[in-house]
>>> print(open('run.csv').read())   # CSV, C-alpha atoms and all ligand atoms
chain,number,residue,atom,x,y,z
A,1,MET,CA,-46.0,18.2,54.9
A,2,ALA,CA,-42.9,19.0,57.0
A,3,PRO,CA,-41.4,22.5,56.1
A,4,ASN,CA,-38.1,22.9,54.3
A,5,LEU,CA,-35.4,22.8,57.0
A,6,ARG,CA,-31.7,23.8,56.8
A,7,LEU,CA,-29.2,23.8,59.6
A,8,PHE,CA,-26.2,26.1,59.5
A,9,TYR,CA,-23.7,24.6,61.9
A,10,TRP,CA,-20.1,23.5,62.7
A,11,PRO,CA,-19.9,19.8,63.7
A,12,THR,CA,-17.7,20.2,66.8
A,13,SER,CA,-19.6,23.3,68.2
A,14,SER,CA,-21.4,22.4,71.4
A,15,ALA,CA,-24.4,24.5,70.5
A,16,SER,CA,-24.6,23.0,67.0
A,17,GLN,CA,-24.5,19.5,68.5
A,18,LYS,CA,-27.6,20.2,70.5
A,19,ALA,CA,-29.5,21.3,67.4
A,20,LEU,CA,-28.2,18.2,65.4
A,21,MET,CA,-29.3,15.8,68.2
A,22,ALA,CA,-32.8,17.4,68.4
A,23,LEU,CA,-33.3,17.0,64.6
A,24,ASP,CA,-32.1,13.5,64.7
A,25,GLU,CA,-34.2,12.6,67.7
A,26,LYS,CA,-37.3,13.9,66.0
A,27,GLN,CA,-36.2,12.1,62.8
A,28,LEU,CA,-36.6,15.2,60.7
A,29,ASP,CA,-34.9,15.6,57.3
A,30,PHE,CA,-32.9,18.7,56.8
A,31,LYS,CA,-30.3,20.3,54.5
A,32,ARG,CA,-26.9,21.2,55.9
A,33,THR,CA,-24.7,24.2,55.5
A,34,ILE,CA,-21.4,23.9,57.3
A,35,VAL,CA,-20.1,27.2,58.7
A,36,ASN,CA,-16.4,26.7,59.4
A,37,ILE,CA,-15.9,28.7,62.6
A,38,THR,CA,-12.3,27.7,62.8
A,39,GLU,CA,-11.8,29.8,59.6
A,40,GLY,CA,-14.0,32.7,60.7
A,41,GLU,CA,-16.8,31.9,58.3
A,42,GLN,CA,-19.4,32.9,60.9
A,43,ASN,CA,-18.2,36.5,60.5
A,44,GLN,CA,-18.5,36.6,56.7
A,45,SER,CA,-21.1,39.0,55.3
A,46,TRP,CA,-23.3,36.2,53.9
A,47,TYR,CA,-23.6,34.6,57.3
A,48,LEU,CA,-24.0,37.8,59.3
A,49,LYS,CA,-27.1,38.3,57.1
A,50,VAL,CA,-28.3,34.9,58.3
A,51,ASN,CA,-27.4,35.5,62.0
A,52,PRO,CA,-26.3,39.0,62.9
A,53,ALA,CA,-24.7,37.6,66.1
A,54,GLY,CA,-22.3,35.6,63.9
A,55,LEU,CA,-22.8,32.4,65.9
A,56,VAL,CA,-23.8,28.8,65.0
A,57,PRO,CA,-26.2,27.1,64.9
A,58,VAL,CA,-29.1,28.6,63.0
A,59,LEU,CA,-32.1,26.7,61.8
A,60,GLN,CA,-33.9,27.9,58.7
A,61,ILE,CA,-37.5,26.9,58.7
A,62,GLY,CA,-39.0,27.9,55.4
A,63,GLU,CA,-38.2,31.6,55.2
A,64,SER,CA,-37.4,32.2,58.9
A,65,PHE,CA,-34.1,31.9,60.6
A,66,ILE,CA,-33.9,30.8,64.3
A,67,SER,CA,-30.7,31.2,66.4
A,68,GLU,CA,-29.9,30.0,70.0
A,69,SER,CA,-29.6,26.3,70.4
A,70,ASP,CA,-32.2,26.1,73.2
A,71,VAL,CA,-34.8,28.0,71.1
A,72,ILE,CA,-33.9,25.7,68.1
A,73,VAL,CA,-34.5,22.6,70.2
A,74,GLU,CA,-37.9,23.9,71.2
A,75,ALA,CA,-38.8,24.9,67.6
A,76,VAL,CA,-37.7,21.4,66.3
A,77,ASP,CA,-39.8,19.8,69.0
A,78,LYS,CA,-42.9,21.6,67.8
A,79,LEU,CA,-42.4,20.6,64.2
A,80,LYS,CA,-43.4,17.0,64.7
A,81,ASN,CA,-45.6,15.1,67.1
A,82,GLY,CA,-44.3,12.1,69.0
A,83,PRO,CA,-42.1,12.0,72.1
A,84,GLN,CA,-41.6,15.5,73.3
A,85,LEU,CA,-38.2,17.0,74.0
A,86,VAL,CA,-39.7,20.0,75.9
A,87,PRO,CA,-42.9,18.8,77.6
A,88,ASP,CA,-45.5,21.2,79.0
A,89,PRO,CA,-43.9,22.8,82.1
A,90,SER,CA,-47.2,22.5,84.0
A,91,THR,CA,-46.7,18.7,84.1
A,92,ALA,CA,-44.3,17.1,86.6
A,93,GLU,CA,-42.0,15.9,83.8
A,94,GLY,CA,-42.1,19.3,82.1
A,95,ASN,CA,-41.3,21.1,85.3
A,96,LEU,CA,-38.2,18.9,85.8
A,97,VAL,CA,-37.2,19.5,82.2
A,98,GLN,CA,-37.5,23.2,82.8
A,99,TYR,CA,-35.4,23.0,86.0
A,100,TRP,CA,-32.5,21.1,84.2
A,101,ARG,CA,-32.6,23.3,81.1
A,102,GLN,CA,-32.1,26.3,83.3
A,103,LYS,CA,-29.3,24.6,85.3
A,104,PHE,CA,-27.5,23.6,82.1
A,105,SER,CA,-27.9,27.1,80.6
A,106,GLU,CA,-25.8,28.5,83.5
A,107,ILE,CA,-22.7,26.5,82.5
A,108,ASN,CA,-20.1,28.5,80.7
A,109,ILE,CA,-19.1,26.0,78.1
A,110,PHE,CA,-16.7,28.4,76.5
A,111,LEU,CA,-14.8,28.8,79.8
A,112,VAL,CA,-14.8,25.1,80.4
A,113,THR,CA,-13.5,24.4,76.9
A,114,PHE,CA,-10.9,27.1,76.3
A,115,GLY,CA,-10.1,27.5,80.0
A,116,THR,CA,-9.1,23.8,80.1
A,117,ILE,CA,-7.2,23.9,76.8
A,118,THR,CA,-5.2,27.1,77.8
A,119,ASN,CA,-4.5,25.9,81.3
A,120,PRO,CA,-2.8,22.5,80.8
A,121,GLU,CA,-2.4,22.2,84.7
A,122,LEU,CA,-6.2,21.5,84.8
A,123,VAL,CA,-6.1,18.6,82.4
A,124,CYS,CA,-6.1,15.1,83.9
A,125,GLU,CA,-4.3,13.5,81.0
A,126,LYS,CA,-2.3,15.2,78.2
A,127,LEU,CA,-4.7,16.5,75.6
A,128,GLU,CA,-4.1,15.4,72.0
A,129,LEU,CA,-6.1,17.9,70.2
A,130,PRO,CA,-6.3,18.7,66.4
A,131,PRO,CA,-4.0,21.7,65.8
A,132,VAL,CA,-6.9,24.0,65.3
A,133,TYR,CA,-8.1,23.5,68.9
A,134,SER,CA,-4.6,23.4,70.4
A,135,ILE,CA,-4.3,27.0,71.5
A,136,THR,CA,-2.4,29.0,74.2
A,137,LYS,CA,-3.6,32.2,75.9
A,138,GLU,CA,-1.3,34.2,73.7
A,139,GLY,CA,-2.6,32.4,70.6
A,140,TRP,CA,-6.1,33.2,71.8
A,141,VAL,CA,-5.4,36.9,71.9
A,142,LYS,CA,-3.8,36.7,68.4
A,143,LYS,CA,-6.7,34.8,67.0
A,144,SER,CA,-9.1,37.3,68.3
A,145,ASP,CA,-7.0,40.2,66.8
A,146,ALA,CA,-7.2,38.4,63.4
A,147,ALA,CA,-11.0,38.0,63.8
A,148,ILE,CA,-11.3,41.7,64.5
A,149,LYS,CA,-9.2,42.6,61.5
A,150,ARG,CA,-11.4,40.4,59.3
A,151,LEU,CA,-14.5,41.9,60.7
A,152,LEU,CA,-13.3,45.4,60.0
A,153,LYS,CA,-12.7,44.4,56.3
A,154,VAL,CA,-16.3,43.0,56.2
A,155,LYS,CA,-17.5,46.4,57.5
A,156,ALA,CA,-15.5,48.3,54.9
A,157,SER,CA,-17.0,46.4,52.0
A,158,ASN,CA,-20.5,46.1,53.5
A,159,PRO,CA,-21.5,49.4,55.1
A,160,GLU,CA,-25.1,48.2,55.6
A,161,LEU,CA,-23.6,45.7,58.1
A,162,ALA,CA,-21.7,48.4,60.1
A,163,ASP,CA,-23.8,48.1,63.3
A,164,VAL,CA,-23.9,44.3,63.2
A,165,VAL,CA,-20.1,44.1,62.8
A,166,ASP,CA,-19.5,46.7,65.5
A,167,LYS,CA,-21.5,44.6,67.9
A,168,LYS,CA,-19.7,41.4,67.0
A,169,ILE,CA,-16.3,43.2,67.4
A,170,GLU,CA,-17.4,44.2,71.0
A,171,ILE,CA,-18.2,40.5,71.7
A,172,VAL,CA,-14.9,39.3,70.3
A,173,LYS,CA,-13.0,41.9,72.4
A,174,ALA,CA,-14.9,41.0,75.6
A,175,LYS,CA,-13.9,37.3,75.1
A,176,GLN,CA,-10.3,38.2,73.9
A,177,ASP,CA,-9.1,39.3,77.3
A,178,ALA,CA,-6.8,36.4,78.3
A,179,GLU,CA,-7.5,37.2,82.0
A,180,GLY,CA,-11.0,35.8,81.3
A,181,LEU,CA,-9.1,32.4,81.0
A,182,ASP,CA,-7.3,32.8,84.4
A,183,ILE,CA,-6.8,29.4,86.0
A,184,GLU,CA,-8.8,30.5,89.2
A,185,LYS,CA,-11.8,31.3,87.1
A,186,VAL,CA,-11.7,28.1,85.2
A,187,GLU,CA,-11.1,26.0,88.3
A,188,LYS,CA,-14.2,27.7,89.9
A,189,GLU,CA,-16.3,26.8,86.8
A,190,LEU,CA,-15.0,23.2,86.9
A,191,GLN,CA,-15.9,23.0,90.6
A,192,SER,CA,-19.4,24.2,90.0
A,193,LEU,CA,-19.6,21.7,87.2
A,194,GLU,CA,-18.6,18.9,89.7
A,195,LYS,CA,-21.5,20.0,91.9
A,196,ILE,CA,-23.9,19.8,89.0
A,197,PHE,CA,-22.6,16.3,88.2
A,198,ASP,CA,-23.2,15.2,91.8
A,199,GLU,CA,-26.8,16.4,91.4
A,200,ILE,CA,-27.1,14.6,88.0
A,201,GLU,CA,-25.9,11.4,89.6
A,202,ASP,CA,-28.6,11.7,92.3
A,203,ARG,CA,-31.2,12.5,89.8
A,204,LEU,CA,-30.3,9.5,87.6
A,205,LYS,CA,-30.4,7.2,90.6
A,206,LYS,CA,-33.9,8.4,91.4
A,207,SER,CA,-34.9,8.1,87.8
A,208,ARG,CA,-33.6,4.5,87.6
A,209,ALA,CA,-35.4,3.6,90.8
A,210,GLU,CA,-38.7,5.0,89.4
A,211,ASN,CA,-38.5,3.8,85.8
A,212,ILE,CA,-38.0,0.1,85.0
A,213,VAL,CA,-37.7,0.0,81.2
A,214,GLU,CA,-35.8,3.2,80.4
A,215,HIS,CA,-34.5,5.9,82.7
A,216,TRP,CA,-33.3,9.4,81.6
A,217,LEU,CA,-32.6,12.5,83.5
A,218,CYS,CA,-36.2,13.7,83.9
A,219,GLY,CA,-38.0,10.3,83.8
A,220,PRO,CA,-38.7,7.5,81.3
A,221,ASN,CA,-38.4,9.7,78.3
A,222,PHE,CA,-35.4,11.2,76.5
A,223,THR,CA,-35.9,15.0,76.7
A,224,ALA,CA,-34.0,18.3,76.0
A,225,PRO,CA,-31.8,18.1,79.1
A,226,ASP,CA,-30.6,14.7,78.0
A,227,ILE,CA,-29.4,16.3,74.7
A,228,THR,CA,-27.4,18.9,76.7
A,229,LEU,CA,-26.0,16.3,79.0
A,230,THR,CA,-24.9,14.1,76.0
A,231,MET,CA,-23.2,17.2,74.5
A,232,LEU,CA,-21.6,18.0,77.8
A,233,LEU,CA,-20.3,14.5,78.4
A,234,GLY,CA,-18.8,14.5,74.9
A,235,ARG,CA,-17.1,17.8,75.6
A,236,LEU,CA,-15.7,16.7,78.9
A,237,ASN,CA,-14.4,13.5,77.4
A,238,PHE,CA,-12.7,15.5,74.6
A,239,LEU,CA,-11.1,17.6,77.4
A,240,LYS,CA,-10.0,14.5,79.2
A,241,GLN,CA,-11.9,15.6,82.4
A,242,PHE,CA,-13.5,12.2,83.0
A,243,PRO,CA,-11.1,11.1,85.8
A,244,ARG,CA,-12.0,14.2,87.7
B,1,LIG,N1,-26.1,30.7,73.2
B,1,LIG,C1,-25.7,30.3,71.8
B,1,LIG,C2,-24.3,30.1,71.7
B,1,LIG,C3,-23.8,29.9,70.3
B,1,LIG,C4,-22.3,29.9,70.2
B,1,LIG,O1,-21.6,30.4,71.1
B,1,LIG,N2,-21.8,29.3,69.2
B,1,LIG,C5,-20.3,29.2,69.0
B,1,LIG,C6,-19.9,27.8,68.7
B,1,LIG,S1,-20.4,26.7,70.0
B,1,LIG,C7,-19.9,30.1,67.9
B,1,LIG,O2,-20.6,30.2,66.9
B,1,LIG,N3,-18.7,30.7,68.0
B,1,LIG,C8,-18.2,31.6,67.0
B,1,LIG,C9,-17.8,32.9,67.5
B,1,LIG,O3,-17.9,33.2,68.7
B,1,LIG,O4,-17.5,33.8,66.7
B,1,LIG,C10,-26.5,29.0,71.5
B,1,LIG,O5,-26.8,28.2,72.4
B,1,LIG,O6,-26.8,28.8,70.3
>>> encode(input="run.csv", output="structure tokens", more="lines below")
Ligand SMILES: N[C@@H](CCC(=O)N[C@@H](CS)C(=O)NCC(=O)O)C(=O)O
Amino acid sequence: MAPNLRLFYWPTSSASQKALMALDEKQLDFKRTIVNITEGEQNQSWYLKVNPAGLVPVLQIGESFISESDVIVEAVDKLKNGPQLVPDPSTAEGNLVQYWRQKFSEINIFLVTFGTITNPELVCEKLELPPVYSITKEGWVKKSDAAIKRLLKVKASNPELADVVDKKIEIVKAKQDAEGLDIEKVEKELQSLEKIFDEIEDRLKKSRAENIVEHWLCGPNFTAPDITLTMLLGRLNFLKQFPR
């Protein structure tokens, strides 16, 4: 019998989308807990007990909690037989899957997303974002300040979480620096993304030439890198970067 599964996630989070697609692809039933990261729910004490990093997604399998979307995809894959999302790396397909998983893990999706949103010069068409995502660099600094204040309150009323909260505050502070969103840094990230997309295009051409019925990034089967690519295309479409 399949174990009891619960996914803690936020629907528009890129990492959550990877976990959701993996569960869907393997046709696994799971319960859902929405963690509203736009309201700071990931830093509430109940969730810090689920994931001390205060990040979504987390997959609960029975009594254990797994974080990190790539680890979740692997765990989901192992829960059920059938087409494999992460084939054995000693096979040619598995080796290619490993290569693309590594390549995709180097993309700074945070910088691509918030760097594009906070530098309107980089947007190909005007963004029409829901207010919660429509943020300026100053707004980003203020939002991070508010998150730190909320975390300090959590620490005051949950002394057992002091270390966890301190670590999370350090992470929020490191990301808070608006210089991290400097247009040059974002442009550089978008340029390296363009190179990756050139390579994706070559890979897909090769896959199409080699596989008549279906062709995906690493061959005839839909695998983990196709999940990341789907999420990435969705994000770039959201950011109106397709013309580029
Ligand atoms: N490497 C992690 C990244 C998780 C992550 O950054 N999640 C974001 C949403 S996409 C989050 O929870 N952000 C809330 C925060 O930074 O406080 C993974 O792949 O699961």
>>> residues_near_ligand(input="run.csv", ligand="ligand LIG 1 (chain B)", cutoff="8 Å", atoms="all atoms listed in the file", output="MDAnalysis selection string")
chainID A and resid 10 12:16 37 40 42:43 54:58 67:70 110 168 171:172
>>> residues_around(input="run.csv", residues="Trp140 in chain A", least_positions_apart="2", cutoff="9 Å", atoms="all atoms listed in the file", output="JSON, numbers by chain")
{"A": [114, 118, 135, 136, 137, 138, 142, 143, 144, 145, 176, 177, 178]}
>>> closest_residue(input="run.csv", among="A:Leu59, A:Ile196, A:Ile169, A:Leu236", to="Ala75 in chain A", atoms="all atoms listed in the file")
A:Leu59
>>> closest_residue(input="run.csv", among="A:Asn81, A:Asn119, A:Leu127, A:Leu48", to="Lys167 in chain A", atoms="all atoms listed in the file")
A:Leu48
>>> residues_around(input="run.csv", residues="range 102-109 of chain A", least_positions_apart="6", cutoff="8 Å", atoms="all atoms listed in the file", output="short mmCIF file (atom, residue, chain, number, x, y, z; two decimals) with C-alpha atoms, in the frame of the given file")
data_model
loop_
_atom_site.label_atom_id
_atom_site.label_comp_id
_atom_site.auth_asym_id
_atom_site.auth_seq_id
_atom_site.Cartn_x
_atom_site.Cartn_y
_atom_site.Cartn_z
CA SER A 14 -21.40 22.40 71.40
CA GLU A 189 -16.30 26.80 86.80
CA LEU A 193 -19.60 21.70 87.20
CA PRO A 225 -31.80 18.10 79.10
CA THR A 228 -27.40 18.90 76.70
#
>>> residues_around(input="run.csv", residues="Pro243 in chain A", least_positions_apart="6", cutoff="12 Å", atoms="only C-alpha atoms", output="JSON, numbers by chain")
{"A": [122, 123, 124, 125, 194, 236, 237]}
>>> closest_residue(input="run.csv", among="A:Arg203, A:Arg208, A:Ser134, A:Asn221", to="Tyr99 in chain A", atoms="all atoms listed in the file")
A:Arg203
>>> atom_distance(input="run.csv", atom1="CA of Glu93 in chain A", atom2="CA of Cys218 in chain A")
6.2 Å
>>> atom_distance(input="run.csv", atom1="CA of Asp88 in chain A", atom2="CA of Glu25 in chain A")
18.1 Å
>>> closest_residue(input="run.csv", among="A:Lys175, A:Arg244, A:Lys78, A:Arg235", to="Lys18 in chain A", atoms="all atoms listed in the file")
A:Arg235
>>> closest_residue(input="run.csv", among="A:Pro3, A:Leu229, A:Glu199, A:Val73", to="Gln60 in chain A", atoms="all atoms listed in the file")
A:Pro3
>>> residues_around(input="run.csv", residues="Val154 in chain A", least_positions_apart="2", cutoff="12 Å", atoms="only C-alpha atoms", output="ChimeraX atom specification")
/A:40-49,147-152,156-166,168-169
>>> residues_near_point(input="run.csv", point="(-5.6, 12.4, 74.8)", cutoff="9 Å", atoms="all atoms listed in the file", output="list of chain:residue names")
A:Glu125, A:Lys126, A:Leu127, A:Glu128, A:Leu129, A:Phe238, A:Leu239, A:Lys240
>>> residues_around(input="run.csv", residues="Ala22 in chain A", least_positions_apart="4", cutoff="9 Å", atoms="only C-alpha atoms", output="list of chain:residue names")
A:Gln17, A:Lys18, A:Lys26, A:Gln27, A:Leu28, A:Ile72, A:Val73, A:Glu74, A:Val76, A:Asp77, A:Leu85, A:Ala224, A:Ile227
>>> closest_residue(input="run.csv", among="A:Gln191, A:Pro131, A:Val97, A:Asp226", to="Thr38 in chain A", atoms="only C-alpha atoms")
A:Pro131
>>> atom_distance(input="run.csv", atom1="CA of Leu5 in chain A", atom2="CA of Ile61 in chain A")
4.9 Å
>>> axis_aligned_box(input="run.csv", around="range 82-94 of chain A", padding_each_side="8 Å", output="lines of an AutoDock Vina configuration file")
center_x = -42.7
center_y = 17.4
center_z = 77.8
size_x = 25.0
size_y = 26.8
size_z = 33.6
